[in-house]
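Visitor: Provided below: structure31.csv, containing CSV, C-alpha atoms.
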```csv
chain,number,residue,atom,x,y,z
A,223,MET,CA,-5.1,49.3,38.8
A,224,LYS,CA,-7.2,47.9,41.6
A,225,ILE,CA,-9.9,45.2,40.8
A,226,SER,CA,-13.0,46.1,42.8
A,227,LYS,CA,-14.7,43.7,45.2
A,228,LYS,CA,-17.7,43.8,42.8
A,229,CYS,CA,-15.4,42.5,40.0
A,230,ARG,CA,-13.8,39.9,42.2
A,231,TYR,CA,-17.1,38.5,43.3
A,232,GLY,CA,-18.4,38.6,39.8
A,233,LEU,CA,-15.4,36.7,38.5
A,234,ARG,CA,-15.8,34.1,41.3
A,235,ALA,CA,-19.5,33.7,40.7
A,236,LEU,CA,-19.0,33.3,36.9
A,237,ILE,CA,-16.3,30.7,37.4
A,238,ASP,CA,-18.6,28.8,39.7
A,239,LEU,CA,-21.5,29.1,37.3
A,240,SER,CA,-19.4,27.9,34.4
A,241,ALA,CA,-18.0,25.0,36.4
A,242,ASN,CA,-21.3,23.8,37.8
A,243,SER,CA,-23.6,24.3,34.8
A,244,VAL,CA,-23.6,23.5,31.1
A,245,ASN,CA,-26.9,25.0,30.0
A,246,GLU,CA,-28.9,24.6,33.2
A,247,TYR,CA,-30.0,27.5,35.3
A,248,ILE,CA,-28.3,27.7,38.7
A,249,VAL,CA,-29.9,29.3,41.7
A,250,LEU,CA,-27.9,32.4,42.7
A,251,GLY,CA,-28.2,31.4,46.4
A,252,ASN,CA,-26.2,28.3,45.7
A,253,ILE,CA,-23.4,30.2,44.1
A,254,ALA,CA,-23.4,32.7,46.9
A,255,GLU,CA,-23.2,30.0,49.5
A,256,ARG,CA,-20.4,28.1,47.8
A,257,ASN,CA,-18.3,31.3,47.5
A,258,ASN,CA,-19.2,32.9,50.8
A,259,ILE,CA,-20.8,36.0,49.2
A,260,SER,CA,-23.9,37.8,50.3
A,261,PRO,CA,-26.8,36.7,48.1
A,262,GLN,CA,-28.2,40.3,48.1
A,263,TYR,CA,-24.8,41.7,46.9
A,264,LEU,CA,-24.5,38.9,44.3
A,265,GLU,CA,-28.0,39.8,43.0
A,266,GLN,CA,-26.7,43.3,42.3
A,267,VAL,CA,-23.6,42.0,40.6
A,268,PHE,CA,-25.7,39.7,38.4
A,269,ALA,CA,-28.1,42.5,37.5
A,270,ASP,CA,-25.2,44.2,35.8
A,271,LEU,CA,-24.1,41.0,34.2
A,272,ARG,CA,-27.6,40.4,32.9
A,273,ARG,CA,-27.8,44.0,31.5
A,274,ALA,CA,-24.5,43.4,29.7
A,275,GLY,CA,-25.9,40.1,28.2
A,276,ILE,CA,-23.3,38.0,29.9
A,277,VAL,CA,-25.9,35.9,31.9
A,278,LYS,CA,-29.5,35.1,31.4
A,279,GLY,CA,-31.8,34.8,34.3
A,280,ILE,CA,-35.3,33.5,34.8
A,281,ASN,CA,-37.6,33.8,37.8
A,282,GLY,CA,-39.7,31.2,39.5
A,283,ALA,CA,-39.2,27.8,41.2
A,284,GLN,CA,-37.0,26.5,38.3
A,285,GLY,CA,-35.3,29.9,38.0
A,286,GLY,CA,-31.7,30.9,38.3
A,287,TYR,CA,-28.9,32.0,36.0
A,288,ARG,CA,-26.9,30.6,33.2
A,289,LEU,CA,-24.2,31.9,30.9
A,290,ASN,CA,-25.5,33.7,27.8
A,291,ILE,CA,-22.0,33.7,26.2
A,292,ALA,CA,-19.8,30.7,25.8
A,293,PRO,CA,-17.0,30.6,28.4
A,294,ASP,CA,-14.3,30.4,25.7
A,295,GLU,CA,-15.6,33.6,24.1
A,296,LEU,CA,-16.1,35.6,27.3
A,297,THR,CA,-13.0,37.6,28.2
A,298,VAL,CA,-12.1,38.9,31.6
A,299,ALA,CA,-11.9,42.4,30.0
A,300,ALA,CA,-15.6,42.1,29.0
A,301,ILE,CA,-16.6,41.0,32.5
A,302,LEU,CA,-14.7,43.9,34.2
A,303,GLU,CA,-16.2,46.4,31.8
A,304,ALA,CA,-19.7,45.1,32.4
A,305,LEU,CA,-19.3,45.4,36.2
A,306,ASP,CA,-17.1,48.5,36.6
A,307,GLY,CA,-16.9,50.2,33.2
A,308,ASN,CA,-13.5,51.1,32.0
A,309,TYR,CA,-10.7,49.2,33.8
A,310,HIS,CA,-7.8,51.4,32.5
A,311,ILE,CA,-5.7,53.6,34.7
A,312,ASP,CA,-7.0,57.2,34.5
A,313,LYS,CA,-5.3,59.6,32.2
A,314,GLU,CA,-2.6,61.7,33.8
A,315,ASP,CA,-3.8,65.3,34.7
A,316,GLU,CA,-2.1,67.8,32.5
A,317,SER,CA,-0.8,71.0,34.0
A,318,ASP,CA,-1.4,74.4,32.6
A,319,ASN,CA,2.3,75.3,32.6
A,320,THR,CA,4.8,74.0,30.1
A,321,HIS,CA,7.0,72.3,32.6
A,322,GLY,CA,4.1,70.5,34.3
A,323,HIS,CA,2.6,69.5,31.0
A,324,SER,CA,5.8,67.9,29.8
A,325,ILE,CA,6.1,65.9,33.0
A,326,ALA,CA,2.5,64.8,32.7
A,327,VAL,CA,3.0,63.7,29.1
A,328,SER,CA,6.1,61.7,30.1
A,329,ILE,CA,4.2,59.9,32.9
A,330,GLN,CA,1.3,59.3,30.5
A,331,GLU,CA,3.3,57.9,27.6
A,332,LEU,CA,6.0,56.0,29.4
A,333,VAL,CA,4.0,54.6,32.4
A,334,ILE,CA,0.2,54.8,32.1
A,335,ASP,CA,-0.2,54.1,28.4
A,336,ARG,CA,2.2,51.1,28.7
A,337,ILE,CA,0.4,49.7,31.8
A,338,ASN,CA,-3.0,50.1,30.0
A,339,ALA,CA,-1.6,48.3,26.9
A,340,GLU,CA,-0.5,45.4,29.1
A,341,LEU,CA,-3.8,45.4,30.9
A,342,ASP,CA,-5.6,45.1,27.6
A,343,ARG,CA,-3.3,42.4,26.4
A,344,THR,CA,-3.8,40.3,29.5
A,345,LEU,CA,-7.5,40.8,30.2
A,346,GLN,CA,-8.5,40.4,26.6
A,347,ASN,CA,-6.5,37.1,26.3
A,348,VAL,CA,-7.8,35.4,29.4
A,349,THR,CA,-11.3,33.9,29.1
A,350,LEU,CA,-13.8,32.5,31.5
A,351,GLU,CA,-12.9,29.1,30.1
A,352,ASP,CA,-9.3,29.6,31.1
A,353,LEU,CA,-10.3,30.5,34.6
A,354,ARG,CA,-12.7,27.6,34.8
A,355,LYS,CA,-10.1,25.1,33.8
A,356,HIS,CA,-7.5,26.5,36.2
A,357,TYR,CA,-10.1,26.4,39.0
A,358,LEU,CA,-11.0,22.8,38.2
A,359,SER,CA,-7.3,21.7,38.1
A,360,HIS,CA,-6.8,23.2,41.6
A,361,LYS,CA,-10.0,21.7,42.9
A,362,GLU,CA,-8.9,18.3,41.8
A,363,PHE,CA,-5.5,18.8,43.5
A,364,GLU,CA,-7.2,19.8,46.8
A,365,GLN,CA,-9.5,16.8,46.7
A,366,ASP,CA,-6.5,14.5,46.2
A,367,MET,CA,-4.7,15.8,49.3
A,368,TYR,CA,-4.8,13.7,52.5
A,369,TYR,CA,-4.2,15.2,55.9
A,370,ILE,CA,-2.8,13.2,58.8
```
As structure tokens, what does this structure read like?

Guide:
Amino acid sequence: MKISKKCRYGLRALIDLSANSVNEYIVLGNIAERNNISPQYLEQVFADLRRAGIVKGINGAQGGYRLNIAPDELTVAAILEALDGNYHIDKEDESDNTHGHSIAVSIQELVIDRINAELDRTLQNVTLEDLRKHYLSHKEFEQDMYYI
């Protein structure tokens, strides 16, 4: 499985949004600048997140985005699905001949199905709140470092 750039940027932006806002609207340009992401590209990412109901956006001078789902209820699986659809590894192609079919079934059942089950287990058990807390703990550590 490969996590697309769109999903990586979406995760970064949502962590930033959850760390820098409680219920206030945050200007997308600020998120883009802090994370070195193109504002135009991030707007496309947030359009998908808005359609999925993950964020709420308002236009205007006081506009911006805020989370529409509590960070402790928003899983990484839901975010990836909103941005890229199904995150599972594709099903093994089955061959028309018996030998090829048996090989494909073996690969599917012993490798792909197991990987997909682990993906589900991990991605459905990690929330945006987990990511936010982890980020903030590393941010504190970086701020406490002194360079000579």

Visitor: Write out as an NGL selection string the residues lying within 9 Å of Ile337 in chain A, counting all atoms listed in the file and excluding same-chain residues fewer than 4 positions away.

Guide: :A and (223 or 310-311 or 332-333 or 341-342)

Visitor: Can I get the selection written as a PDB file, in the coordinates of the input, with C-alpha atoms?

Guide:
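File written: result25.pdb
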```pdb
ATOM      1  CA  MET A 223      -5.100  49.300  38.800  1.00  0.00           C
ATOM      2  CA  HIS A 310      -7.800  51.400  32.500  1.00  0.00           C
ATOM      3  CA  ILE A 311      -5.700  53.600  34.700  1.00  0.00           C
ATOM      4  CA  LEU A 332       6.000  56.000  29.400  1.00  0.00           C
ATOM      5  CA  VAL A 333       4.000  54.600  32.400  1.00  0.00           C
ATOM      6  CA  LEU A 341      -3.800  45.400  30.900  1.00  0.00           C
ATOM      7  CA  ASP A 342      -5.600  45.100  27.600  1.00  0.00           C
TER       8      ASP A 342
END
```

Visitor: Which distance in Å separates CA of Gln266 in chain A and CA of Tyr357 in chain A, to one decimal?

Guide: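 Taking CA of Gln266 in chain A and CA of Tyr357 in chain A, their separation equals 23.9 Å.
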
Visitor: From the list A:Ile325, A:Asp306, A:Ile301, A:Asn347, which residue is nearest Gly275 in chain A when using only C-alpha atoms?

Guide: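 Going through A:Ile325, A:Asp306, A:Ile301, A:Asn347 one by one, the smallest distance to Gly275 in chain A is for A:Ile301.
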
Visitor: Write out as a VMD selection string which residues come within 8 Å of range 237-243 of chain A when counting only C-alpha atoms, dropping same-chain ones fewer than 2 positions away.

Guide: chain A and resid 233 to 235 245 to 248 253 288 to 289 293 350 to 351 353 to 354 357 to 358

Visitor: Show me, as a PyMOL selection string, the residues that have an atom within 9 Å of Lys313 in chain A when counting only C-alpha atoms, minus same-chain residues fewer than 6 positions from it.

Guide: chain A and resi 330+334-335

Visitor: Quick one: everything within 10 Å of Ser226 in chain A, counting all atoms listed in the file, minus sequence neighbours fewer than 4 positions away in the same chain. Send it as a PyMOL selection string.

Guide: chain A and resi 230-232+302+305-306+309

Visitor: Interatomic distance between CA of Ile329 in chain A and CA of Glu303 in chain A?

Guide: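 For CA of Ile329 in chain A relative to CA of Glu303 in chain A, the distance reads 24.5 Å.
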
Visitor: May I have the centre and edge lengths, in Å to one decimal, of an axis-aligned box around the listed atoms of range 301-311 of chain A with 8 Å added to every side, as AutoDock Vina command-line options?

Guide:
```
--center_x -12.7 --center_y 47.3 --center_z 34.2 --size_x 30.0 --size_y 28.6 --size_z 20.8
```

Visitor: Which residue gives the smallest distance to Asn257 in chain A among A:Ile291, A:Leu271, A:Val277, A:Leu236, with all atoms listed in the file counted?

Guide: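 Among the listed residues, the smallest separation from Asn257 in chain A belongs to A:Leu236.
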
Visitor: So how many Å separate CA of Glu265 in chain A and CA of Gly251 in chain A, to one decimal?

Guide: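 Between these atoms lies a distance of 9.1 Å.
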
Visitor: Write out as a PDB file with C-alpha atoms, in the frame of the given file the residues lying within 6 Å of Thr297 in chain A, counting only C-alpha atoms and excluding same-chain residues fewer than 6 positions away.

Guide:
```pdb
ATOM      1  CA  GLN A 346      -8.500  40.400  26.600  1.00  0.00           C
ATOM      2  CA  VAL A 348      -7.800  35.400  29.400  1.00  0.00           C
ATOM      3  CA  THR A 349     -11.300  33.900  29.100  1.00  0.00           C
TER       4      THR A 349
END
```

Visitor: Restricting the calculation to only C-alpha atoms, which member of A:Glu331, A:Val267, A:Gly285, A:Asp312 is positioned closest to Ala254 in chain A?

Guide: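 Selected residue with least distance to Ala254 in chain A: A:Val267.
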
Visitor: May I ask which of the residues A:Ile276, A:Ile225, A:Val327, A:Leu264 is the closest one to Asn252 in chain A, counting only C-alpha atoms?

Guide: A:Leu264

Visitor: Please supply range 267-281 of chain A, rebuilt with N, CA and C atoms, as a PDB file, keeping the file's coordinate frame.

Guide:
```
ATOM      1  N   VAL A 267     -24.687  42.273  41.525  1.00  0.00           N
ATOM      2  CA  VAL A 267     -23.600  42.000  40.600  1.00  0.00           C
ATOM      3  C   VAL A 267     -24.246  41.330  39.308  1.00  0.00           C
ATOM      4  N   PHE A 268     -25.142  40.363  39.529  1.00  0.00           N
ATOM      5  CA  PHE A 268     -25.700  39.700  38.400  1.00  0.00           C
ATOM      6  C   PHE A 268     -26.723  40.529  37.623  1.00  0.00           C
ATOM      7  N   ALA A 269     -27.273  41.542  38.253  1.00  0.00           N
ATOM      8  CA  ALA A 269     -28.100  42.500  37.500  1.00  0.00           C
ATOM      9  C   ALA A 269     -27.281  43.194  36.446  1.00  0.00           C
ATOM     10  N   ASP A 270     -26.062  43.596  36.801  1.00  0.00           N
ATOM     11  CA  ASP A 270     -25.200  44.200  35.800  1.00  0.00           C
ATOM     12  C   ASP A 270     -24.735  43.241  34.744  1.00  0.00           C
ATOM     13  N   LEU A 271     -24.449  42.006  35.144  1.00  0.00           N
ATOM     14  CA  LEU A 271     -24.100  41.000  34.200  1.00  0.00           C
ATOM     15  C   LEU A 271     -25.196  40.665  33.211  1.00  0.00           C
ATOM     16  N   ARG A 272     -26.411  40.681  33.733  1.00  0.00           N
ATOM     17  CA  ARG A 272     -27.600  40.400  32.900  1.00  0.00           C
ATOM     18  C   ARG A 272     -27.789  41.573  31.901  1.00  0.00           C
ATOM     19  N   ARG A 273     -27.657  42.815  32.379  1.00  0.00           N
ATOM     20  CA  ARG A 273     -27.800  44.000  31.500  1.00  0.00           C
ATOM     21  C   ARG A 273     -26.755  43.956  30.368  1.00  0.00           C
ATOM     22  N   ALA A 274     -25.578  43.435  30.673  1.00  0.00           N
ATOM     23  CA  ALA A 274     -24.500  43.400  29.700  1.00  0.00           C
ATOM     24  C   ALA A 274     -24.660  42.168  28.737  1.00  0.00           C
ATOM     25  N   GLY A 275     -25.643  41.313  29.008  1.00  0.00           N
ATOM     26  CA  GLY A 275     -25.900  40.100  28.200  1.00  0.00           C
ATOM     27  C   GLY A 275     -24.950  38.974  28.447  1.00  0.00           C
ATOM     28  N   ILE A 276     -24.244  39.021  29.556  1.00  0.00           N
ATOM     29  CA  ILE A 276     -23.300  38.000  29.900  1.00  0.00           C
ATOM     30  C   ILE A 276     -24.023  36.753  30.494  1.00  0.00           C
ATOM     31  N   VAL A 277     -25.054  37.009  31.294  1.00  0.00           N
ATOM     32  CA  VAL A 277     -25.900  35.900  31.900  1.00  0.00           C
ATOM     33  C   VAL A 277     -27.309  36.129  31.487  1.00  0.00           C
ATOM     34  N   LYS A 278     -28.056  35.046  31.583  1.00  0.00           N
ATOM     35  CA  LYS A 278     -29.500  35.100  31.400  1.00  0.00           C
ATOM     36  C   LYS A 278     -30.135  34.568  32.637  1.00  0.00           C
ATOM     37  N   GLY A 279     -31.160  35.260  33.106  1.00  0.00           N
ATOM     38  CA  GLY A 279     -31.800  34.800  34.300  1.00  0.00           C
ATOM     39  C   GLY A 279     -33.317  34.624  34.090  1.00  0.00           C
ATOM     40  N   ILE A 280     -33.879  33.660  34.836  1.00  0.00           N
ATOM     41  CA  ILE A 280     -35.300  33.500  34.800  1.00  0.00           C
ATOM     42  C   ILE A 280     -35.804  33.356  36.261  1.00  0.00           C
ATOM     43  N   ASN A 281     -37.011  33.844  36.488  1.00  0.00           N
ATOM     44  CA  ASN A 281     -37.600  33.800  37.800  1.00  0.00           C
ATOM     45  C   ASN A 281     -38.426  32.556  38.007  1.00  0.00           C
TER      46      ASN A 281
END
```
